[in-house]
Structures are given as C-alpha cells and as structure tokens.
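The next block holds one structure in the form of structure tokens; read it before the comments.
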Number of protein chains: 2
Amino acid sequence: MNKHIGFIGLGIMGKPMALNLLKAGFNLTVNDLNKESVNTLVEAGAKEGTSAEMGTECDVVITMLPASQHVKQVVLGENGLLTTAKKGLIIIDMSSISPVVSVEIADEAATYGVEMLDAPVSGGEVKAIDGTLAIMVGGKETVFDSVKPILDAVGAEVTLVGKNGSGVTAKLANQIIVNLNIAAMSEALVLAAKAGIDVEKMYQAIRGGLAGSAVLDAKVPLILDRNFVAGGRIDINLKDMTNVMETAHDIGVPLPLSSQLVEIFHALKVDGKAADDHGGIVQYYEKLANVEVRKV
Amino acid sequence: MNKHIGFIGLGIMGKPMALNLLKAGFNLTVNDLNKESVNTLVEAGAKEGTSAEMGTECDVVITMLPASQHVKQVVLGENGLLTTAKKGLIIIDMSSISPVVSVEIADEAATYGVEMLDAPVSGGEVKAIDGTLAIMVGGKETVFDSVKPILDAVGAEVTLVGKNGSGVTAKLANQIIVNLNIAAMSEALVLAAKAGIDVEKMYQAIRGGLAGSAVLDAKVPLILDRNFVAGGRIDINLKDMTNVMETAHDIGVPLPLSSQLVEIFHALKVDGKAADDHGGIVQYYEKLANVEVRKV
C-alpha cells in the first residue's frame with residue numbers, strides 16, 4: 001500500500017482525484033501546467049515533480065489529460081515518462097482518449113518493460129470529489145489487481161472489462177448511449193412541442209415506463225428551464241463521438257446513428273453552441289422545426 | 001358511475017382491459033372478430049353487441065384496435081358507430097394510431113355531436129392485466145373529466161396532455177425514445193463486443209450512470225441470452241415509427257434519427273425478423289459488423 005504515485009493533469013476531474021489519493025495515504029508527486037492547482041496539492045501534502053522525475057521515482061503514474069495528443073506527449077514525447085521510466089513502472093491513463101492511440105501507447109510502453117492500463121472514468125466532477133467514480137479498466141488482470149487499491153481510492157465501481165484499450169472503448173460505448181439517448185429525447189420533445197402538447201405533463205406520463213432513463217430525468221427539467229450550462233460540453237462530446245467513429249472504422253463496426261450524431265454536434269458547434277451542455281442537442285432540432293421546448 | 005360502456009377490440013391488450021372494466025362494476029358490451037375472446041368476456045358478465053348497437057345503447061365506446069384503418073372502419077365505416085350514434089356519445093380510442101387519422105376521426109365525429117378522446121396506453125400486457133397502464137390522453141378537458149373514472153379502472157397514470165391527437169402524438173414521442181434508446185444501446189454493445197470487451201461487465205459498470213435506462217435494464221439481459229421473443233414486435237414498432245414520420249412531416253419537424261430507424265426496421269423486416277422483439281434491433285448491427293453480442 002505504500003506506493004509512490006505520480007499524477008499528471010490536475011484539471012476539474014484530476015485535482016479532486018489526486019486529493020482523494022492523498023487522503024487515502026498515498027505518497028504523491030504531481031504535475032500540471034496550472035501552478036494554482038499544483039500549489040493546492042502541495043499544500044495538501046503532495047510533492048511537485050516533472051514527468052521525467054516521476055519515471056524514475058514512482059511505482060505508478062496516473063495521467064488525467066484532455067485528449068489523445070496530450071497523453072501521447074507526456075508518455076512518449078521528448079522528456080516524457082518513457083525516457084526515464086524504470087522497468088515495472090505502471091502507467092494508469094484515466095483520460096478519455098482514442099482506443100487506437102491508447103493501444104499504441106501501451107504497446108510502446110511494453111517495449112520499455114512498462115505496463116499500462118486504460119482506466120477512464122464516468123460520473124463527472126461531483127463523483128470525482130466524492131471518490132465514487134465509475135472506472136472501466138482495460139489491461140492485464142495481474143496489473144489491475146496490483147493497483148486496485150489505488151483505483152478504489154478514487155472510484156466506487158472499478159471494473160476490469162478487457163484487454164488494453166477496452167476501458168476507453170467501454171467509455172466510448174457509454175458516450176454513444178448517453179448522447180444518442182439525448183438526441184432521441186430531443187426528437188420526441190420537439191415533435192411533441194410542435195404538436196402543441198404539454199411536454200412537462202408528457203414527461204411525467206412516460207418517465208416511469210420503457211422510455212424512462214437517467215438522461216430523461218437529468219435533462220428534461222434543464223431543457224424546460226432553458227438551462228444549457230455544461231455539465232458535459234458539446235465540444236468534448238464531439239471529441240468523444242469522433243473517437244467513437246475512428247474506433248468503429250478501425251475495428252469494422254458501421255454505426256449509422258453515431259455517425260449522424262457527429263454531424264449534429266458539428267452543426268451545433270458551427271452554430272456557436274460548443275460550450276453548451278450536450279442537453280443542448282435539443283437546440284439543433286428546435287432550429288430545424290422552428291419551435292422551442294418550453295414550459296406551457 | 002353507472003355508465004354503459006362498449007368495448008371493441010379484445011386482443012392481447014384489450015381483453016384484460018375490458019375484464020378490468022367489468023371488475024370495476026361497469027355495464028359492458030363487447031365486440032371482436034375472435035369469438036373465444038368475446039366468450040371469455042361474456043362469461044365474466046359482459047354482453048355481446050355490434051358497433052351499430054353500441055352507437056345507440058352506450059354512453060362511451062372504447063376502441064382498442066391494431067392500426068389506423070381499423071379504427072376508421074369501426075367509427076366511420078359502413079355499419080360503423082357514427083351511423084347509429086346518439087348525440088353525446090363519447091368515443092375513447094385507446095389504439096396507437098396515426099395522429100393525422102385520429103384528428104380526422106375526431107373532426108368527423110364532432111359533426112355528429114359525438115365527442116372523441118385519443119387515449120393510447122403504454123406498459124404492455126402485464127400492466128394491462130394489472131390495470132396499471134400509463135394512459136396519455138388528447139381531447140377536451142370536460143370530456144376527459146367525465147370519463148376519468150373509466151380510464152382509472154384500466155390505468156395507474158392517466159394524463160391529459162393536450163387537444164385531440166395529443167395522446168397518440170405523445171405515444172409516438174414515447175416510441176421514438178424507446179426505439180432510439182434500443183438502437184443507441186445496440187451501437188454501443190456491438191462496438192464493445194467487436195472490441196473484445198466483456199459486455200456483461202461493461203453493462204454493470206455503466207448502468208448506474210447517465211447511460212442507465214429502462215431499455216438497458218430490460219433488453220441487455222435478453223440480448224445476452226439471445227432471446228428476441230416479443231414483447232414489442234418489430235413490425236408493430238415499424239408501424240409506430242412510420243406514423244412518427246407521417247406526423248413529423250405533417251406538422252413540420254425534421255427527425256433525421258427516427259427516419260433512419262424506419263430504414264433499420266425495414267431492413268430487419270426484409271431479413272425475416274418482423275415478429276422479433278424490438279430488442280432485436282441489435283441484430284441489424286451485428287450483421288453489419290459480423291459479430292454477436294454474447295456472454296463471454
């Protein structure tokens with residue numbers, strides 16, 4: 001349990017996760033471009049260090065970064081982890097990146113005797129703070145078992161779903177469902193609104209049946225309040241859905257609805273809605289149908 | 001409360017609904033092409049009668065029929081209800097038909113001094129038997145109030161959502177969500193399966209989050225068991241989604257994903273899957289991707 005952990009990427013999700021590792025008693029070295037976040041962690045008991053330093057000092061290095069290129073740079077790049085990594089180091093990439101890139105990094109790490117797990121999270125900032133994230137992990141079972149106590153310190157549901165790349169692919173599968181469920185709800189709401197139906201009453205009538213979902217309960221009240229503050233930003237979900245299509249093409253899975261959703265996200269971005277919550281998908285349909293989903 | 005009710009259409013849903021009306025103490029006259037179903041109701045205390053007889057004898061006539069043309073024939077056709085209907089008769093059409101046709105029938109009925117409500121149900125055979133259906137109603141509030149005790153005898157959640165046609169439109173909105181949520185789940189499951197992920201573990205990892213839904217919990221276990229016994233048949237849902245597109249075109253609401261789902265249902269029908277449960281949508285994707293979603 002006395003493992004020395006490196007943590008790279010102290011953003012909205014990474015910072016509370018790193019704080020939870022400190023609380024759990026782990027020895028922590030952190031790194032981020034944002035000095036304020038680093039200082040918060042140092043005040044809480046962490047040490048600041050570079051990726052290269054982590055490569056030699058740490059048993060496990062966690063990366064929690066925005067996109068594929070950032071993880072690639074931190075691990076494979078000049079002054080990256082692999083330039084100094086000792087044999088047996090375990091990298092846990094908890095970012096939501098392309099499975100194609102994730103496997104590429106894992107393969108390259110293996111040639112240095114470095115193990116990798118992809119372990120993206122689901123649950124947002126609230127569950128990151130509470131340490132109750134859902135974590136889907138891809139990689140070797142022995143490696144998973146050896147770092148399970150670390151993942152348990154930041155997550156409530158930690159599941160090994162398959163080999164390297166499976167964690168990020170499962171996260172993409174999750175994103176397909178969430179975003180297409182929002183689009184499904186949007187088609188239903190806009191049709192009903194234009195037909196003059198009281199959509200709030202309709203929502204109450206259908207939410208207990210087979211149409212019920214976490215998306216419906218989370219997003220309908222926000223849409224009726226015209227509240228599109230993210231939450232899950234449209235541009236971030238566009239990145240995810242683009243990774244979905246890259247992966248789908250890579251392994252040979254035609255996904256007609258997901259592919260159309262990429263175009264819908266693009267249209268919303270062009271329309272200036274990139275920073276809106278993905279509940280704002282409804283605005284794409286509202287514009288097409290020239291109607292708004294509102295309380296009556 | 002001592003209303004005389006006519007009930008036309010004693011199918012899988014109609015028969016238990018009619019039995020619940022008898023249990024609630026209503027005076028009931030029934031009609032169906034299936035003599036066995038009629039006999040069951042007569043043994044339980046109902047009277048057999050024709051549509052024309054119901055027009056003169058009943059205060060309220062409920063129709064529970066497969067599709068638009070059947071309701072049209074029973075109400076507007078030769079020997080139909082309107083040929084004999086007394087002024088003040090209330091027709092409650094509980095079928096899931098085209099909103100365009102529903103409004104057409106209501107308008108024609110109005111010229112005879114006959115009121116109509118569209119009141120389609122959601123919840124399937126089990127809730128029909130239990131008398132706990134969700135019922136979405138379109139029509140005048142005074143008419144709705146006058147028959148509310150009748151609807152309460154067959155439903156648990158009875159909601160007036162708007163004017164004539166709003167009930168069937170709300171039902172279509174419900175069907176959009178259910179069927180697109182199944183398609184969303186299918187794209188996710190097939191991507192994960194082809195990536196070699198343990199989909200059962202993935203399902204457990206994501207079901208508690210924003211991807212969670214009634215569809216996920218109802219259909220994933222059946223898909224993993226390769227059980228596509230309906231339930232909600234693909235051909236019936238194709239009818240619903242065709243009505244969705246007719247209505248959407250009629251009132252001016254472009255629905256790109258629903259429109260694509262009509263084609264997916266058509267493809268499944270061509271492939272001999274018309275009688276399968278709509279959970280069988282996954283088979284469309286499995287065929288495209290040449291993989292099966294199974295327990296590992």
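Simple scheme: letters A, B, ... for chains in structure tokens order, numbers from 1 for residues in each chain, numbers from 1 for ligands in the order shown.
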
Could you give me, as a Markdown table, a per-residue list for chain A showing, wherever an atom lies at most 7 Å from an atom of chain B, the closest pair of atoms and their distance in Å to one decimal, using only C-alpha atoms and sorting by chain then residue number from low to high?
```
| residue | atom | partner | partner_atom | distance |
| --- | --- | --- | --- | --- |
| A:Gly123 | CA | B:Gly209 | CA | 6.6 |
| A:Ala134 | CA | B:Ala205 | CA | 6.6 |
| A:Met136 | CA | B:Ala205 | CA | 6.9 |
| A:Glu157 | CA | B:Ala205 | CA | 6.8 |
| A:Thr159 | CA | B:Ala205 | CA | 6.5 |
| A:Val161 | CA | B:Asp198 | CA | 5.5 |
| A:Gly162 | CA | B:Ile197 | CA | 5.1 |
| A:Ser166 | CA | B:Ile197 | CA | 5.9 |
| A:Thr169 | CA | B:Ala192 | CA | 6.6 |
| A:Ala170 | CA | B:Ala192 | CA | 6.3 |
| A:Ala173 | CA | B:Ala188 | CA | 4.3 |
| A:Asn174 | CA | B:Ala211 | CA | 6.0 |
| A:Ile176 | CA | B:Ala188 | CA | 6.0 |
| A:Ile177 | CA | B:Ala184 | CA | 5.1 |
| A:Val178 | CA | B:Ala211 | CA | 4.8 |
| A:Leu180 | CA | B:Ala184 | CA | 5.7 |
| A:Asn181 | CA | B:Asn181 | CA | 5.5 |
| A:Ala184 | CA | B:Ile177 | CA | 5.1 |
| A:Met185 | CA | B:Ile177 | CA | 5.7 |
| A:Glu187 | CA | B:Leu255 | CA | 6.1 |
| A:Ala188 | CA | B:Ala173 | CA | 4.3 |
| A:Leu191 | CA | B:Val253 | CA | 6.1 |
| A:Ala192 | CA | B:Ala170 | CA | 6.3 |
| A:Ala195 | CA | B:Ile251 | CA | 6.9 |
| A:Gly196 | CA | B:Gly162 | CA | 7.0 |
| A:Ile197 | CA | B:Gly162 | CA | 5.1 |
| A:Asp198 | CA | B:Val161 | CA | 5.5 |
| A:Lys201 | CA | B:Val161 | CA | 6.0 |
| A:Met202 | CA | B:Val161 | CA | 6.1 |
| A:Ala205 | CA | B:Thr159 | CA | 6.4 |
| A:Ile206 | CA | B:Asn174 | CA | 6.6 |
| A:Gly209 | CA | B:Gly123 | CA | 6.5 |
| A:Leu210 | CA | B:Ala214 | CA | 5.2 |
| A:Ala211 | CA | B:Val178 | CA | 4.9 |
| A:Gly212 | CA | B:Ala214 | CA | 5.5 |
| A:Ser213 | CA | B:Ser213 | CA | 3.8 |
| A:Ala214 | CA | B:Leu210 | CA | 5.2 |
| A:Val215 | CA | B:Leu210 | CA | 5.9 |
| A:Ala248 | CA | B:Leu191 | CA | 6.6 |
| A:Ile251 | CA | B:Ala195 | CA | 6.9 |
| A:Gly252 | CA | B:Ala289 | CA | 6.1 |
| A:Val253 | CA | B:Ala289 | CA | 4.7 |
| A:Pro254 | CA | B:Ala289 | CA | 6.3 |
| A:Leu255 | CA | B:Glu187 | CA | 6.2 |
| A:Leu257 | CA | B:Leu257 | CA | 6.5 |
| A:Leu288 | CA | B:Pro254 | CA | 6.4 |
| A:Ala289 | CA | B:Val253 | CA | 4.7 |
```

Tell me which protein, DNA and RNA residues are within 7 Å of Ile234 (chain A), counting only C-alpha atoms, leaving out same-chain ones fewer than 6 positions away, and put them as a PDB file with N, CA and C atoms, in the first residue's frame.
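Everything below was put into part06.pdb:
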```pdb
ATOM      1  N   PHE A 265     -23.523  17.326 -33.793  1.00  0.00           N
ATOM      2  CA  PHE A 265     -22.605  18.062 -32.904  1.00  0.00           C
ATOM      3  C   PHE A 265     -21.837  19.130 -33.692  1.00  0.00           C
ATOM      4  N   ALA A 274     -20.681  25.309 -28.875  1.00  0.00           N
ATOM      5  CA  ALA A 274     -19.654  24.342 -28.465  1.00  0.00           C
ATOM      6  C   ALA A 274     -19.539  24.198 -26.955  1.00  0.00           C
ATOM      7  N   ALA A 275     -19.739  25.292 -26.221  1.00  0.00           N
ATOM      8  CA  ALA A 275     -19.549  25.255 -24.761  1.00  0.00           C
ATOM      9  C   ALA A 275     -20.821  24.869 -24.015  1.00  0.00           C
ATOM     10  N   ASP A 276     -21.935  24.732 -24.744  1.00  0.00           N
ATOM     11  CA  ASP A 276     -23.192  24.324 -24.097  1.00  0.00           C
ATOM     12  C   ASP A 276     -23.115  22.880 -23.608  1.00  0.00           C
ATOM     13  N   ASP A 277     -23.965  22.559 -22.658  1.00  0.00           N
ATOM     14  CA  ASP A 277     -24.134  21.168 -22.242  1.00  0.00           C
ATOM     15  C   ASP A 277     -24.705  20.347 -23.405  1.00  0.00           C
ATOM     16  N   HIS A 278     -24.405  19.040 -23.432  1.00  0.00           N
ATOM     17  CA  HIS A 278     -24.940  18.206 -24.522  1.00  0.00           C
ATOM     18  C   HIS A 278     -26.467  18.064 -24.478  1.00  0.00           C
TER      19      HIS A 278
END
```

> Out of B:Val75, B:Val60, B:Leu10, B:Gly280, which residue has the shortest atom-to-atom distance to Glu48 (chain B) when counting only C-alpha atoms?
Replying inline: B:Leu10

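One distance worth recording is that between CA of Ser102 (chain B) and CA of Phe7 (chain B), which is 17.7 Å.
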
> Residues at most 12 Å from Thr56 (chain A), counting only C-alpha atoms, excluding those fewer than 2 positions away in the same chain, as a ChimeraX atom specification?
Replying inline: /A:4-6,29,49-54,58-61,80-90,114

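Nearest to His70 (chain B) of all the residues B:Ile8, B:Gly45, B:Ala156, B:Ala109 is B:Ile8, based on only C-alpha atoms.
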
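With only C-alpha atoms as the atoms that count, the residue of A:Ile281, A:Val30, A:Leu21, A:Leu41 with the shortest distance to Glu57 (chain A) is A:Val30.
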
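The list of residues with at least one atom within 9 Å of Ala46 (chain B), based on only C-alpha atoms and without residues fewer than 4 positions apart in the same chain, reads Ala18, Leu19, Leu22, Asn27, Leu28, Thr29, Val30, Val38, Asn39, Thr40, Leu41 and Val42 of chain B.
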
Convert the current residue selection to file output with C-alpha atoms, as a short mmCIF file (atom, residue, chain, number, x, y, z; two decimals), in the first residue's frame.
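Written out: out-v6.cif:
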```
data_model
loop_
_atom_site.label_atom_id
_atom_site.label_comp_id
_atom_site.auth_asym_id
_atom_site.auth_seq_id
_atom_site.Cartn_x
_atom_site.Cartn_y
_atom_site.Cartn_z
CA ALA B 18 -62.24 -5.00 -20.68
CA LEU B 19 -62.09 -7.50 -17.81
CA LEU B 22 -66.19 -5.39 -15.54
CA ASN B 27 -72.06 -2.32 -17.64
CA LEU B 28 -70.17 -3.67 -20.66
CA THR B 29 -70.99 -4.61 -24.27
CA VAL B 30 -68.10 -6.10 -26.25
CA VAL B 38 -65.88 -12.50 -26.74
CA ASN B 39 -66.95 -15.65 -24.86
CA THR B 40 -64.40 -15.01 -22.11
CA LEU B 41 -65.90 -11.56 -21.57
CA VAL B 42 -69.50 -12.80 -21.79
#
```

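When only C-alpha atoms are used to compute distances to Met13 (chain A), the closest of the residues A:Ile62, A:Ile150, A:Val126, A:Ala110 turns out to be A:Val126.
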
>> With DSSP run on the backbone, what are the strand (DSSP E) residues within region 41-123 of chain B? I'd like them as a PyMOL selection string.
In response: chain B and resi 47-48+60-63+90-93+115-118+121-122

>> For the structure I just gave you, how does DSSP split region 87-166 of chain A - specifically, which residues are helix (DSSP H, G or I)? Reply as a count of residues only.
In response: 32

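Computed from the coordinates, the CA of Met64 (chain A) to CA of Ile105 (chain A) distance equals 14.6 Å.
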